[in-house]
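Take a look at the structure set out below.
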Amino acid sequence: MNGIIALADIHRLKVWLPIRSLAYVNVYLINEDANSWLIDSGMLSSKSILSLAKGLREVGKDLCSIDNVILTHFHVDHSTMTVLLSETSNPKVFIGRVDMEIAKGKVDEFVDAAISLFLEHGMPKEEAKMIRESHPAIKLLDAYKDLDTVEMVPLDDGDTLKIGELNLKVVWTPGHTPGHIVLWDEKSGIMFVGDTMLLEITPHVTIHYWETDPLGDYMNSLRKIIELKPKVAYPGHRDIIKDPVKRAKELLEHHENRLNEVVEILKRFGPLTGYEIAKRIKWRVRYRTWDEYPYPERFFAMGEALAHLRKLEREGLVEQRQRGSLKIWTLRRA
Ligand SMILES: [Zn+2]
């Protein structure tokens, strides 16, 4: 009863996405007697619908037999399939309270807040416009509008959901989104981590409102996970994480290194705009020049660069000055 049995009841369904860099989202099906639970739902796209239907059929379920859905966060590839499921199965839908507020009618406002930061930090208008139009959330805005009509149950930090052998405790882990949650079963050591931790790729952390510090939040969320010492983590993408504590430490180190890289860039080339810094960071991508970056990837790069600058600003290591309509970054003078 130490988690082995609970493990057997968890089915990982690979739900394919029309997003090449991610390939698929992991949807977890947990059966509890007659009740079936999904953790995350997939994206409202034909590719995802077909693979979810097939995955469910292989374990004796279908799109009409889902009783509950828990969303780790509001992102399009995890949440929007819920719109279809609410028509086919009408499940009870749970989501972290903070992400529920964004999912309910505020997604475009949220993306636009990031785009206006990009402009303030030096991205050319035309490029920012293209990035907005190619953003997956903006492309699926209709699905989000429908998601707005789906009734949701907000989850708070410390809430517990009992599913068969599992007592899943809700742990707030902001950073990847402001209201991201992970689900933690202390007895078995199983944690469903959504996009807080992934293998091979680093979860995206961006900034939408300057008064927030999403990277600081994200790094604290990783530290929270390290303290809980999960034995196995079920992520939103890629393979199961067999040593979650090690992975959390690697991700913390990755961001420490990136923070140092930004400081080094300013030392060598500053003063610079956030846009100029984003272009100089050595992202792990196969593109040689900025012009080769597809627009959605530019959203990630620019957002990450600003999230790192914001954290460094909070730490008192860098500062921004207004030059005309632009913000210019320098190292902070002692
Ligand atoms: Zn995500």
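To be explicit about the labels: the chains of the structure tokens are called A, B, and onward in the order shown, and within each one the residues are counted from 1, while ligands get numbers from 1 in the order they are shown.
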Practice prompt. Write as number ranges by chain the residues around ligand 1, taking 8 Å as the cut-off and counting only C-alpha atoms and all ligand atoms.
Written response: A: 73-78, 176-177, 194-195, 203-204, 236
Would you save the residues from that selection as a tab-separated table (two decimals), in the first residue's frame, using all heavy atoms?
chain	number	residue	atom	x	y	z
A	73	HIS	N	-2.84	24.24	-14.13
A	73	HIS	CA	-2.77	25.68	-14.43
A	73	HIS	C	-3.62	25.98	-15.66
A	73	HIS	O	-4.10	25.07	-16.33
A	73	HIS	CB	-1.33	26.16	-14.57
A	73	HIS	CG	-0.53	25.53	-15.66
A	73	HIS	ND1	-0.26	24.19	-15.73
A	73	HIS	CD2	0.08	26.07	-16.75
A	73	HIS	CE1	0.49	23.92	-16.79
A	73	HIS	NE2	0.70	25.05	-17.44
A	74	PHE	N	-3.78	27.28	-15.94
A	74	PHE	CA	-4.77	27.66	-16.95
A	74	PHE	C	-4.27	27.57	-18.39
A	74	PHE	O	-5.04	27.76	-19.33
A	74	PHE	CB	-5.26	29.10	-16.68
A	74	PHE	CG	-4.34	30.18	-17.18
A	74	PHE	CD1	-4.45	30.64	-18.49
A	74	PHE	CD2	-3.34	30.69	-16.38
A	74	PHE	CE1	-3.58	31.62	-18.97
A	74	PHE	CE2	-2.47	31.66	-16.85
A	74	PHE	CZ	-2.59	32.12	-18.17
A	75	HIS	N	-3.00	27.26	-18.62
A	75	HIS	CA	-2.45	27.31	-19.99
A	75	HIS	C	-3.26	26.48	-20.99
A	75	HIS	O	-3.75	25.41	-20.68
A	75	HIS	CB	-0.98	26.86	-20.00
A	75	HIS	CG	-0.04	27.97	-19.62
A	75	HIS	ND1	1.27	27.76	-19.27
A	75	HIS	CD2	-0.24	29.32	-19.54
A	75	HIS	CE1	1.84	28.92	-18.99
A	75	HIS	NE2	0.95	29.88	-19.14
A	76	VAL	N	-3.27	27.03	-22.21
A	76	VAL	CA	-4.10	26.54	-23.31
A	76	VAL	C	-3.96	25.02	-23.55
A	76	VAL	O	-4.95	24.33	-23.77
A	76	VAL	CB	-3.75	27.36	-24.58
A	76	VAL	CG1	-2.35	27.07	-25.09
A	76	VAL	CG2	-4.76	27.27	-25.65
A	77	ASP	N	-2.71	24.51	-23.46
A	77	ASP	CA	-2.46	23.09	-23.75
A	77	ASP	C	-2.91	22.17	-22.62
A	77	ASP	O	-2.97	20.96	-22.79
A	77	ASP	CB	-0.98	22.86	-24.11
A	77	ASP	CG	-0.02	23.51	-23.13
A	77	ASP	OD1	-0.39	24.54	-22.53
A	77	ASP	OD2	1.10	23.00	-22.95
A	78	HIS	N	-3.23	22.72	-21.47
A	78	HIS	CA	-3.67	21.91	-20.33
A	78	HIS	C	-5.18	22.04	-20.07
A	78	HIS	O	-5.80	21.12	-19.58
A	78	HIS	CB	-2.93	22.35	-19.06
A	78	HIS	CG	-1.45	22.13	-19.14
A	78	HIS	ND1	-0.82	21.11	-18.47
A	78	HIS	CD2	-0.50	22.76	-19.86
A	78	HIS	CE1	0.48	21.14	-18.75
A	78	HIS	NE2	0.70	22.14	-19.60
A	176	HIS	N	5.41	29.55	-13.04
A	176	HIS	CA	5.10	29.25	-14.46
A	176	HIS	C	3.79	29.96	-14.85
A	176	HIS	O	3.66	30.49	-15.94
A	176	HIS	CB	5.02	27.75	-14.64
A	176	HIS	CG	4.66	27.33	-16.03
A	176	HIS	ND1	5.50	27.51	-17.10
A	176	HIS	CD2	3.54	26.75	-16.52
A	176	HIS	CE1	4.91	27.06	-18.20
A	176	HIS	NE2	3.72	26.60	-17.88
A	177	THR	N	2.82	29.91	-13.97
A	177	THR	CA	1.66	30.81	-14.02
A	177	THR	C	1.45	31.34	-12.59
A	177	THR	O	1.94	30.73	-11.64
A	177	THR	CB	0.34	30.10	-14.47
A	177	THR	OG1	0.00	29.13	-13.48
A	177	THR	CG2	0.48	29.47	-15.84
A	194	GLY	N	2.54	19.34	-12.95
A	194	GLY	CA	2.17	20.23	-14.06
A	194	GLY	C	3.41	20.69	-14.80
A	194	GLY	O	4.28	19.90	-15.14
A	195	ASP	N	3.50	22.00	-15.01
A	195	ASP	CA	4.69	22.54	-15.71
A	195	ASP	C	5.67	23.21	-14.74
A	195	ASP	O	6.48	24.03	-15.15
A	195	ASP	CB	4.25	23.56	-16.78
A	195	ASP	CG	3.66	22.88	-18.00
A	195	ASP	OD1	3.60	21.63	-18.02
A	195	ASP	OD2	3.24	23.59	-18.93
A	203	PRO	N	10.85	24.82	-17.67
A	203	PRO	CA	9.53	25.44	-17.77
A	203	PRO	C	9.66	26.96	-17.99
A	203	PRO	O	10.57	27.59	-17.46
A	203	PRO	CB	8.90	25.14	-16.41
A	203	PRO	CG	9.61	23.93	-15.93
A	203	PRO	CD	11.02	24.07	-16.42
A	204	HIS	N	8.77	27.47	-18.80
A	204	HIS	CA	8.80	28.89	-19.15
A	204	HIS	C	8.35	29.75	-17.97
A	204	HIS	O	7.33	29.47	-17.34
A	204	HIS	CB	7.87	29.09	-20.34
A	204	HIS	CG	7.77	30.49	-20.79
A	204	HIS	ND1	8.88	31.27	-21.03
A	204	HIS	CD2	6.70	31.27	-21.06
A	204	HIS	CE1	8.48	32.46	-21.42
A	204	HIS	NE2	7.18	32.49	-21.45
A	236	GLY	N	3.75	17.75	-16.67
A	236	GLY	CA	2.81	18.09	-17.74
A	236	GLY	C	3.32	17.74	-19.14
A	236	GLY	O	2.53	17.61	-20.07
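The closest residue to Glu32 in chain A, picked from A:Leu317, A:Val193, A:Ile66, A:Ala248 and counting only C-alpha atoms, is A:Ile66.
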Fill in: Nearest-residue call for Trp184 in chain A, choices A:Thr72, A:Ala143, A:Pro91, A:Trp210, using only C-alpha atoms
A:Thr72
Any chance you could tabulate, as a tab-separated table, the residues of range 213-318 of chain A at most 8 Å from range 106-125 of chain A with each one's nearest atom pair and distance in Å to one decimal, using only C-alpha atoms, in chain and rising number order?
residue	atom	partner	partner_atom	distance
A:Thr273	CA	A:His121	CA	5.6
A:Gly274	CA	A:His121	CA	5.0
A:Tyr275	CA	A:Gly122	CA	5.2
A:Glu276	CA	A:Gly122	CA	7.5
A:Met302	CA	A:Phe118	CA	7.0
A:Gly303	CA	A:Ala114	CA	7.4
What does the file look like for those residues with all heavy atoms, as a PDB file, in the first residue's frame?
ATOM      1  N   THR A 273      18.613  47.779 -23.614  1.00  0.00           N
ATOM      2  CA  THR A 273      17.184  47.540 -23.357  1.00  0.00           C
ATOM      3  C   THR A 273      17.001  46.047 -23.053  1.00  0.00           C
ATOM      4  O   THR A 273      17.874  45.234 -23.376  1.00  0.00           O
ATOM      5  CB  THR A 273      16.314  47.880 -24.584  1.00  0.00           C
ATOM      6  OG1 THR A 273      16.664  46.992 -25.651  1.00  0.00           O
ATOM      7  CG2 THR A 273      16.469  49.316 -25.021  1.00  0.00           C
ATOM      8  N   GLY A 274      15.850  45.712 -22.494  1.00  0.00           N
ATOM      9  CA  GLY A 274      15.531  44.302 -22.241  1.00  0.00           C
ATOM     10  C   GLY A 274      15.560  43.486 -23.529  1.00  0.00           C
ATOM     11  O   GLY A 274      15.982  42.332 -23.542  1.00  0.00           O
ATOM     12  N   TYR A 275      15.121  44.108 -24.600  1.00  0.00           N
ATOM     13  CA  TYR A 275      15.093  43.443 -25.917  1.00  0.00           C
ATOM     14  C   TYR A 275      16.514  43.103 -26.383  1.00  0.00           C
ATOM     15  O   TYR A 275      16.783  42.000 -26.846  1.00  0.00           O
ATOM     16  CB  TYR A 275      14.401  44.370 -26.903  1.00  0.00           C
ATOM     17  CG  TYR A 275      14.278  43.869 -28.322  1.00  0.00           C
ATOM     18  CD1 TYR A 275      13.533  42.728 -28.622  1.00  0.00           C
ATOM     19  CD2 TYR A 275      14.883  44.562 -29.366  1.00  0.00           C
ATOM     20  CE1 TYR A 275      13.404  42.288 -29.928  1.00  0.00           C
ATOM     21  CE2 TYR A 275      14.752  44.131 -30.682  1.00  0.00           C
ATOM     22  CZ  TYR A 275      14.015  42.984 -30.957  1.00  0.00           C
ATOM     23  OH  TYR A 275      13.882  42.552 -32.252  1.00  0.00           O
ATOM     24  N   GLU A 276      17.418  44.065 -26.188  1.00  0.00           N
ATOM     25  CA  GLU A 276      18.819  43.810 -26.582  1.00  0.00           C
ATOM     26  C   GLU A 276      19.444  42.723 -25.709  1.00  0.00           C
ATOM     27  O   GLU A 276      20.256  41.925 -26.186  1.00  0.00           O
ATOM     28  CB  GLU A 276      19.626  45.114 -26.481  1.00  0.00           C
ATOM     29  CG  GLU A 276      19.267  46.106 -27.578  1.00  0.00           C
ATOM     30  CD  GLU A 276      19.730  47.529 -27.273  1.00  0.00           C
ATOM     31  OE1 GLU A 276      19.895  47.898 -26.088  1.00  0.00           O
ATOM     32  OE2 GLU A 276      19.918  48.280 -28.240  1.00  0.00           O
ATOM     33  N   MET A 302      11.893  36.809 -24.778  1.00  0.00           N
ATOM     34  CA  MET A 302      11.728  38.170 -24.251  1.00  0.00           C
ATOM     35  C   MET A 302      11.144  38.131 -22.832  1.00  0.00           C
ATOM     36  O   MET A 302      11.606  38.831 -21.930  1.00  0.00           O
ATOM     37  CB  MET A 302      10.820  38.957 -25.208  1.00  0.00           C
ATOM     38  CG  MET A 302      10.649  40.406 -24.871  1.00  0.00           C
ATOM     39  SD  MET A 302      12.173  41.356 -25.119  1.00  0.00           S
ATOM     40  CE  MET A 302      11.665  42.952 -24.482  1.00  0.00           C
ATOM     41  N   GLY A 303      10.134  37.294 -22.648  1.00  0.00           N
ATOM     42  CA  GLY A 303       9.496  37.177 -21.332  1.00  0.00           C
ATOM     43  C   GLY A 303      10.469  36.678 -20.274  1.00  0.00           C
ATOM     44  O   GLY A 303      10.516  37.185 -19.151  1.00  0.00           O
TER      45      GLY A 303
END
